[in-house]
file my_file-v9.pdb (PDB, C-alpha atoms, pLDDT in the B column)
ATOM      1  CA  MET A  34      -8.781 -17.478  -7.199  1.00 90.00           C
ATOM      2  CA  ARG A  35      -6.941 -20.751  -6.844  1.00 93.00           C
ATOM      3  CA  LEU A  36      -4.418 -21.421  -9.600  1.00 93.00           C
ATOM      4  CA  LYS A  37      -3.482 -25.064 -10.211  1.00 94.00           C
ATOM      5  CA  LEU A  38       0.283 -25.448 -10.620  1.00 92.00           C
ATOM      6  CA  ASN A  39       0.633 -29.223 -11.087  1.00 89.00           C
ATOM      7  CA  ASP A  40       1.476 -28.725 -14.773  1.00 90.00           C
ATOM      8  CA  ILE A  41       4.562 -26.550 -14.031  1.00 91.00           C
ATOM      9  CA  ILE A  42       5.822 -27.984 -10.715  1.00 89.00           C
ATOM     10  CA  GLY A  43       8.999 -29.928 -11.402  1.00 85.00           C
ATOM     11  CA  ILE A  44       9.401 -28.562 -14.960  1.00 89.00           C
ATOM     12  CA  PRO A  45      12.171 -25.917 -14.976  1.00 90.00           C
ATOM     13  CA  GLY A  46      11.479 -23.167 -17.517  1.00 92.00           C
ATOM     14  CA  ALA A  47       7.701 -23.712 -17.459  1.00 93.00           C
ATOM     15  CA  LYS A  48       5.360 -20.804 -16.862  1.00 95.00           C
ATOM     16  CA  LYS A  49       1.654 -20.237 -16.342  1.00 95.00           C
ATOM     17  CA  PRO A  50      -0.078 -16.877 -16.969  1.00 97.00           C
ATOM     18  CA  PHE A  51      -3.113 -15.685 -15.006  1.00 97.00           C
ATOM     19  CA  ALA A  52      -5.566 -12.774 -15.021  1.00 97.00           C
ATOM     20  CA  PHE A  53      -8.577 -12.039 -12.820  1.00 97.00           C
ATOM     21  CA  SER A  54     -10.427  -9.277 -10.967  1.00 96.00           C
ATOM     22  CA  LEU A  55     -10.342  -8.864  -7.203  1.00 96.00           C
ATOM     23  CA  LEU A  56     -12.194  -6.474  -4.918  1.00 95.00           C
ATOM     24  CA  PHE A  57      -9.719  -5.754  -2.124  1.00 95.00           C
ATOM     25  CA  PRO A  58     -11.157  -5.081   1.348  1.00 94.00           C
ATOM     26  CA  ASP A  59     -11.355  -1.334   2.031  1.00 92.00           C
ATOM     27  CA  PRO A  60      -8.252  -0.130   3.874  1.00 88.00           C
ATOM     28  CA  VAL A  61      -8.627   2.361   6.737  1.00 86.00           C
ATOM     29  CA  ALA A  62      -9.539   5.853   5.410  1.00 87.00           C
ATOM     30  CA  CYS A  63     -10.055   4.543   1.839  1.00 94.00           C
ATOM     31  CA  THR A  64     -12.841   3.066  -0.268  1.00 95.00           C
ATOM     32  CA  MET A  65     -12.106   0.890  -3.266  1.00 96.00           C
ATOM     33  CA  CYS A  66     -13.576   2.269  -6.522  1.00 96.00           C
ATOM     34  CA  GLY A  67     -14.299  -1.247  -7.749  1.00 95.00           C
ATOM     35  CA  PRO A  68     -12.519  -4.511  -8.460  1.00 96.00           C
ATOM     36  CA  SER A  69      -8.815  -4.345  -9.320  1.00 96.00           C
ATOM     37  CA  THR A  70      -7.472  -5.961 -12.464  1.00 97.00           C
ATOM     38  CA  ILE A  71      -4.726  -8.445 -11.663  1.00 97.00           C
ATOM     39  CA  SER A  72      -2.438 -10.172 -14.131  1.00 97.00           C
ATOM     40  CA  GLY A  73       0.886 -11.968 -14.127  1.00 97.00           C
ATOM     41  CA  THR A  74       2.732 -15.210 -14.577  1.00 97.00           C
ATOM     42  CA  VAL A  75       4.017 -18.006 -12.360  1.00 96.00           C
ATOM     43  CA  PHE A  76       7.512 -19.066 -13.440  1.00 96.00           C
ATOM     44  CA  ASN A  77       9.399 -22.251 -12.627  1.00 93.00           C
ATOM     45  CA  ILE A  78      12.980 -21.052 -12.337  1.00 91.00           C
ATOM     46  CA  ALA A  79      15.318 -23.998 -11.768  1.00 87.00           C
ATOM     47  CA  GLY A  80      12.632 -25.778  -9.765  1.00 83.00           C
ATOM     48  CA  ALA A  81      11.632 -22.755  -7.665  1.00 88.00           C
ATOM     49  CA  LEU A  82       8.254 -21.149  -8.343  1.00 93.00           C
ATOM     50  CA  GLU A  83       7.992 -17.377  -8.537  1.00 95.00           C
ATOM     51  CA  ILE A  84       4.969 -15.138  -9.126  1.00 96.00           C
ATOM     52  CA  ARG A  85       5.466 -11.896 -11.028  1.00 97.00           C
ATOM     53  CA  GLY A  86       2.361  -9.805 -11.489  1.00 97.00           C
ATOM     54  CA  GLU A  87       0.668  -6.493 -10.968  1.00 97.00           C
ATOM     55  CA  ALA A  88      -2.611  -5.083  -9.730  1.00 97.00           C
ATOM     56  CA  GLN A  89      -4.295  -1.983 -11.169  1.00 97.00           C
ATOM     57  CA  ILE A  90      -5.801  -0.233  -8.138  1.00 96.00           C
ATOM     58  CA  ALA A  91      -8.208   2.722  -7.846  1.00 97.00           C
ATOM     59  CA  MET A  92      -9.500   3.965  -4.506  1.00 96.00           C
ATOM     60  CA  THR A  93     -10.853   7.128  -2.923  1.00 96.00           C
ATOM     61  CA  CYS A  94      -8.966   8.099   0.218  1.00 96.00           C
ATOM     62  CA  THR A  95      -9.306  10.729   2.931  1.00 95.00           C
ATOM     63  CA  CYS A  96      -6.149  12.719   3.665  1.00 95.00           C
ATOM     64  CA  ASP A  97      -4.845  12.166   7.207  1.00 94.00           C
ATOM     65  CA  ARG A  98      -3.772  15.817   7.427  1.00 93.00           C
ATOM     66  CA  CYS A  99      -6.516  17.939   5.786  1.00 94.00           C
ATOM     67  CA  MET A 100      -9.421  15.434   5.600  1.00 94.00           C
ATOM     68  CA  ALA A 101      -9.937  16.085   1.851  1.00 94.00           C
ATOM     69  CA  SER A 102     -11.037  13.202  -0.375  1.00 95.00           C
ATOM     70  CA  PHE A 103      -8.779  12.331  -3.285  1.00 96.00           C
ATOM     71  CA  LEU A 104      -8.420   9.589  -5.893  1.00 96.00           C
ATOM     72  CA  VAL A 105      -5.475   7.189  -5.809  1.00 94.00           C
ATOM     73  CA  GLU A 106      -4.761   5.234  -8.986  1.00 95.00           C
ATOM     74  CA  ARG A 107      -1.689   3.076  -9.099  1.00 94.00           C
ATOM     75  CA  THR A 108      -0.085  -0.075 -10.353  1.00 97.00           C
ATOM     76  CA  LEU A 109       1.140  -2.399  -7.614  1.00 97.00           C
ATOM     77  CA  PRO A 110       3.951  -4.706  -8.781  1.00 97.00           C
ATOM     78  CA  VAL A 111       4.020  -8.025  -6.923  1.00 96.00           C
ATOM     79  CA  VAL A 112       6.837 -10.573  -6.705  1.00 95.00           C
ATOM     80  CA  ALA A 113       6.277 -13.585  -4.472  1.00 94.00           C
ATOM     81  CA  TYR A 114       7.820 -17.013  -4.039  1.00 92.00           C
ATOM     82  CA  LEU A 115       6.015 -20.312  -3.625  1.00 91.00           C
ATOM     83  CA  ALA A 116       6.979 -23.343  -1.576  1.00 86.00           C
ATOM     84  CA  GLU A 117       5.408 -26.729  -0.917  1.00 83.00           C
ATOM     85  CA  GLU A 118       6.524 -26.477   2.712  1.00 80.00           C
ATOM     86  CA  LEU A 119       7.516 -23.404   4.706  1.00 73.00           C
ATOM     87  CA  THR A 120      10.906 -23.249   6.371  1.00 73.00           C
ATOM     88  CA  ASP A 121      10.769 -19.497   7.132  1.00 68.00           C
ATOM     89  CA  GLU A 122       7.263 -18.630   8.305  1.00 69.00           C
ATOM     90  CA  SER A 123       8.220 -15.015   9.063  1.00 69.00           C
ATOM     91  CA  ASN A 124       8.942 -14.165   5.399  1.00 71.00           C
ATOM     92  CA  PRO A 125       5.812 -12.458   3.937  1.00 68.00           C
ATOM     93  CA  ASP A 126       7.012 -13.058   0.344  1.00 75.00           C
ATOM     94  CA  ILE A 127       6.788 -16.879   0.556  1.00 85.00           C
ATOM     95  CA  PHE A 128       3.388 -18.518   0.104  1.00 90.00           C
ATOM     96  CA  LEU A 129       2.433 -22.131   0.601  1.00 88.00           C
ATOM     97  CA  ILE A 130       1.266 -24.333  -2.274  1.00 90.00           C
ATOM     98  CA  GLU A 131      -1.610 -26.495  -1.010  1.00 90.00           C
ATOM     99  CA  ASP A 132      -2.859 -29.484  -3.027  1.00 90.00           C
ATOM    100  CA  GLY A 133      -0.872 -28.314  -6.062  1.00 91.00           C
ATOM    101  CA  ALA A 134      -2.526 -24.858  -6.151  1.00 93.00           C
ATOM    102  CA  ILE A 135      -1.910 -21.334  -4.873  1.00 94.00           C
ATOM    103  CA  ASP A 136      -4.492 -18.853  -3.614  1.00 95.00           C
ATOM    104  CA  LEU A 137      -3.696 -15.763  -5.712  1.00 96.00           C
ATOM    105  CA  GLU A 138      -6.202 -13.637  -3.783  1.00 95.00           C
ATOM    106  CA  GLU A 139      -4.163 -14.206  -0.614  1.00 94.00           C
ATOM    107  CA  VAL A 140      -0.905 -13.322  -2.404  1.00 95.00           C
ATOM    108  CA  PHE A 141      -2.216 -10.062  -3.874  1.00 96.00           C
ATOM    109  CA  THR A 142      -4.227  -9.020  -0.795  1.00 95.00           C
ATOM    110  CA  THR A 143      -1.148  -9.502   1.393  1.00 93.00           C
ATOM    111  CA  ALA A 144       1.001  -7.472  -1.030  1.00 94.00           C
ATOM    112  CA  PHE A 145      -1.655  -4.735  -1.166  1.00 95.00           C
ATOM    113  CA  PHE A 146      -1.845  -4.270   2.610  1.00 93.00           C
ATOM    114  CA  LEU A 147       1.923  -4.533   3.130  1.00 92.00           C
ATOM    115  CA  ASP A 148       2.402  -1.791   0.526  1.00 93.00           C
ATOM    116  CA  MET A 149      -0.145   0.630   2.048  1.00 92.00           C
ATOM    117  CA  GLU A 150       1.297   3.785   3.530  1.00 89.00           C
ATOM    118  CA  SER A 151       0.775   4.165   7.275  1.00 89.00           C
ATOM    119  CA  LYS A 152      -0.148   7.823   6.720  1.00 91.00           C
ATOM    120  CA  ILE A 153      -2.220   8.640   3.644  1.00 93.00           C
ATOM    121  CA  VAL A 154      -1.822  12.238   2.451  1.00 94.00           C
ATOM    122  CA  CYS A 155      -3.249  14.029  -0.590  1.00 94.00           C
ATOM    123  CA  LYS A 156       0.173  15.502  -1.389  1.00 94.00           C
ATOM    124  CA  GLU A 157       3.572  15.385   0.290  1.00 93.00           C
ATOM    125  CA  ASP A 158       3.509  19.059   1.269  1.00 94.00           C
ATOM    126  CA  CYS A 159      -0.077  19.044   2.612  1.00 94.00           C
ATOM    127  CA  LEU A 160      -0.293  21.605   5.433  1.00 93.00           C
ATOM    128  CA  GLY A 161      -3.303  19.999   7.111  1.00 93.00           C
ATOM    129  CA  LEU A 162      -5.808  21.724   9.372  1.00 92.00           C
ATOM    130  CA  CYS A 163      -5.198  24.478  11.926  1.00 89.00           C
ATOM    131  CA  THR A 164      -5.221  22.873  15.364  1.00 85.00           C
ATOM    132  CA  THR A 165      -7.020  25.905  16.825  1.00 84.00           C
ATOM    133  CA  CYS A 166      -9.771  26.841  14.336  1.00 86.00           C
ATOM    134  CA  GLY A 167      -9.808  23.837  11.971  1.00 86.00           C
ATOM    135  CA  ALA A 168      -9.174  25.873   8.805  1.00 89.00           C
ATOM    136  CA  ASP A 169      -7.682  24.029   5.825  1.00 91.00           C
ATOM    137  CA  LEU A 170      -4.188  25.538   5.648  1.00 91.00           C
ATOM    138  CA  ASN A 171      -3.829  24.408   2.012  1.00 92.00           C
ATOM    139  CA  GLN A 172      -6.599  26.880   1.034  1.00 90.00           C
ATOM    140  CA  ASP A 173      -5.665  29.963   3.069  1.00 86.00           C
ATOM    141  CA  PRO A 174      -3.611  30.744   6.164  1.00 84.00           C
ATOM    142  CA  CYS A 175      -5.834  31.077   9.208  1.00 84.00           C
ATOM    143  CA  ALA A 176      -6.115  34.183  11.373  1.00 82.00           C
ATOM    144  CA  CYS A 177      -5.251  32.375  14.596  1.00 83.00           C
ATOM    145  CA  LYS A 178      -2.326  33.697  16.605  1.00 73.00           C
ATOM    146  CA  GLN A 179       0.156  30.879  16.992  1.00 70.00           C
ATOM    147  CA  ASP A 180       1.167  30.010  20.534  1.00 69.00           C
ATOM    148  CA  ILE A 181       4.783  30.760  21.319  1.00 70.00           C
ATOM    149  CA  ASP A 182       6.840  27.960  22.801  1.00 75.00           C
ATOM    150  CA  PRO A 183       7.470  29.095  26.413  1.00 77.00           C
ATOM    151  CA  ARG A 184      11.147  28.279  26.022  1.00 81.00           C
ATOM    152  CA  LEU A 185      11.347  30.899  23.258  1.00 76.00           C
ATOM    153  CA  ALA A 186       9.214  33.584  24.941  1.00 75.00           C
ATOM    154  CA  ALA A 187      12.251  35.715  25.843  1.00 76.00           C
ATOM    155  CA  LEU A 188      13.391  35.657  22.216  1.00 77.00           C
ATOM    156  CA  GLN A 189       9.868  36.715  21.087  1.00 73.00           C
ATOM    157  CA  GLN A 190       9.993  39.697  23.481  1.00 75.00           C
ATOM    158  CA  PHE A 191      13.321  40.699  21.948  1.00 74.00           C
ATOM    159  CA  LEU A 192      11.845  40.534  18.432  1.00 72.00           C
ATOM    160  CA  ASP A 193       8.703  42.468  19.485  1.00 72.00           C
ATOM    161  CA  LYS A 194      10.894  45.444  20.583  1.00 68.00           C
ATOM    162  CA  GLU A 195      12.184  45.980  17.058  1.00 59.00           C
TER     163      GLU A 195
END

call {"tool": "encode", "arguments": {"input": "my_file-v9.pdb", "output": "structure tokens"}}
result
Amino acid sequence: MRLKLNDIIGIPGAKKPFAFSLLFPDPVACTMCGPSTISGTVFNIAGALEIRGEAQIAMTCTCDRCMASFLVERTLPVVAYLAEELTDESNPDIFLIEDGAIDLEEVFTTAFFLDMESKIVCKEDCLGLCTTCGADLNQDPCACKQDIDPRLAALQQFLDKE
């Protein structure tokens, strides 16, 4: 969605609300449940344009540790700055205004992917799968005998004597 900003550029204190739906591309190990609802406002603060908004996101993900599917529902807050020319191209929070408009899909898609966790887990203390038999350690402990680190083998022999 392109939002025309000509009516607030150069008018300090002006603002322009927006709302739309966007189907984000599926991230790795996740499937979007449908389009996300996005809303917010572009503010002209002393001549500088700032976007403040949020995206309501729902997606089904596969845990990186135990491979279980789980639902992720969250609100992603987004703050971004707009410029008519870029002086710092390495800053991901500054977006270019082209022909008096901003591409809000680009702003929110960038924020969505920058905010994604590199490791998606169903819960922080997920135990994952047994590396030997593949059992889900969150359900039950497996019957596999754990390999002893060879550096600790002498200590294990000491404990076995007791």

call {"tool": "axis_aligned_box", "arguments": {"input": "my_file-v9.pdb", "around": "region 97-106 of chain A", "padding_each_side": "8 Å", "output": "JSON"}}
result
{"center_x": -7.4, "center_y": 11.6, "center_z": -0.8, "size_x": 23.3, "size_y": 28.7, "size_z": 32.4}

call {"tool": "resolve_selection", "arguments": {"input": "my_file-v9.pdb", "expression": "the PyMOL selection byres ((chain A and resi 103) around 8)", "output": "compact mmCIF listing (two decimals) with C-alpha atoms, keeping the file's coordinate frame"}}
result
# COMPACT_ATOMS: atom_id res chain seq x y z
CA THR A 93 -10.85 7.13 -2.92
CA CYS A 94 -8.97 8.10 0.22
CA THR A 95 -9.31 10.73 2.93
CA CYS A 96 -6.15 12.72 3.66
CA ALA A 101 -9.94 16.08 1.85
CA SER A 102 -11.04 13.20 -0.38
CA LEU A 104 -8.42 9.59 -5.89
CA VAL A 105 -5.48 7.19 -5.81
CA CYS A 155 -3.25 14.03 -0.59

call {"tool": "residues_near_point", "arguments": {"input": "my_file-v9.pdb", "point": "(-3.9, 19.1, 0.9)", "cutoff": "12 Å", "atoms": "only C-alpha atoms", "output": "list of chain:residue names"}}
result
A:Thr95, A:Cys96, A:Asp97, A:Arg98, A:Cys99, A:Met100, A:Ala101, A:Ser102, A:Phe103, A:Ile153, A:Val154, A:Cys155, A:Lys156, A:Glu157, A:Asp158, A:Cys159, A:Leu160, A:Gly161, A:Leu162, A:Ala168, A:Asp169, A:Leu170, A:Asn171, A:Gln172, A:Asp173

call {"tool": "closest_residue", "arguments": {"input": "my_file-v9.pdb", "among": "A:Ser72, A:Gln189, A:Asn77, A:Thr164", "to": "Glu138 (chain A)", "atoms": "all atoms listed in the file"}}
result
A:Ser72

call {"tool": "residues_around", "arguments": {"input": "my_file-v9.pdb", "residues": "Gly133 (chain A)", "least_positions_apart": "4", "cutoff": "7 Å", "atoms": "all atoms listed in the file", "output": "JSON, numbers by chain"}}
result
{"A": [37, 38, 39]}

call {"tool": "atom_distance", "arguments": {"input": "my_file-v9.pdb", "atom1": "CA of Phe146 (chain A)", "atom2": "CA of Pro60 (chain A)"}}
result
7.7 Å

call {"tool": "resolve_selection", "arguments": {"input": "my_file-v9.pdb", "expression": "the PyMOL selection byres ((chain A and resi 85-89) around 7)", "output": "VMD selection string"}}
result
chain A and resid 69 to 75 83 to 84 90 to 91 107 to 113

call {"tool": "resolve_selection", "arguments": {"input": "my_file-v9.pdb", "expression": "the PyMOL selection byres ((chain A and resi 165) around 10)", "output": "JSON, numbers by chain"}}
result
{"A": [162, 163, 164, 166, 167, 168, 175, 176, 177, 178, 179, 180]}

call {"tool": "atom_distance", "arguments": {"input": "my_file-v9.pdb", "atom1": "CA of Glu139 (chain A)", "atom2": "CA of Pro68 (chain A)"}}
result
15.0 Å

call {"tool": "atom_distance", "arguments": {"input": "my_file-v9.pdb", "atom1": "CA of Asp126 (chain A)", "atom2": "CA of Leu147 (chain A)"}}
result
10.3 Å

call {"tool": "closest_residue", "arguments": {"input": "my_file-v9.pdb", "among": "A:Glu117, A:Asp182, A:Asp59, A:Glu106", "to": "Ile135 (chain A)", "atoms": "only C-alpha atoms"}}
result
A:Glu117

call {"tool": "closest_residue", "arguments": {"input": "my_file-v9.pdb", "among": "A:Ala52, A:Ala186, A:Ile130, A:Val61", "to": "Ala116 (chain A)", "atoms": "all atoms listed in the file"}}
result
A:Ile130

call {"tool": "closest_residue", "arguments": {"input": "my_file-v9.pdb", "among": "A:Met149, A:Leu115, A:Leu192, A:Ala187", "to": "Ile42 (chain A)", "atoms": "only C-alpha atoms"}}
result
A:Leu115

call {"tool": "closest_residue", "arguments": {"input": "my_file-v9.pdb", "among": "A:Ala79, A:Ile181, A:Ala144, A:Leu137", "to": "Leu36 (chain A)", "atoms": "only C-alpha atoms"}}
result
A:Leu137
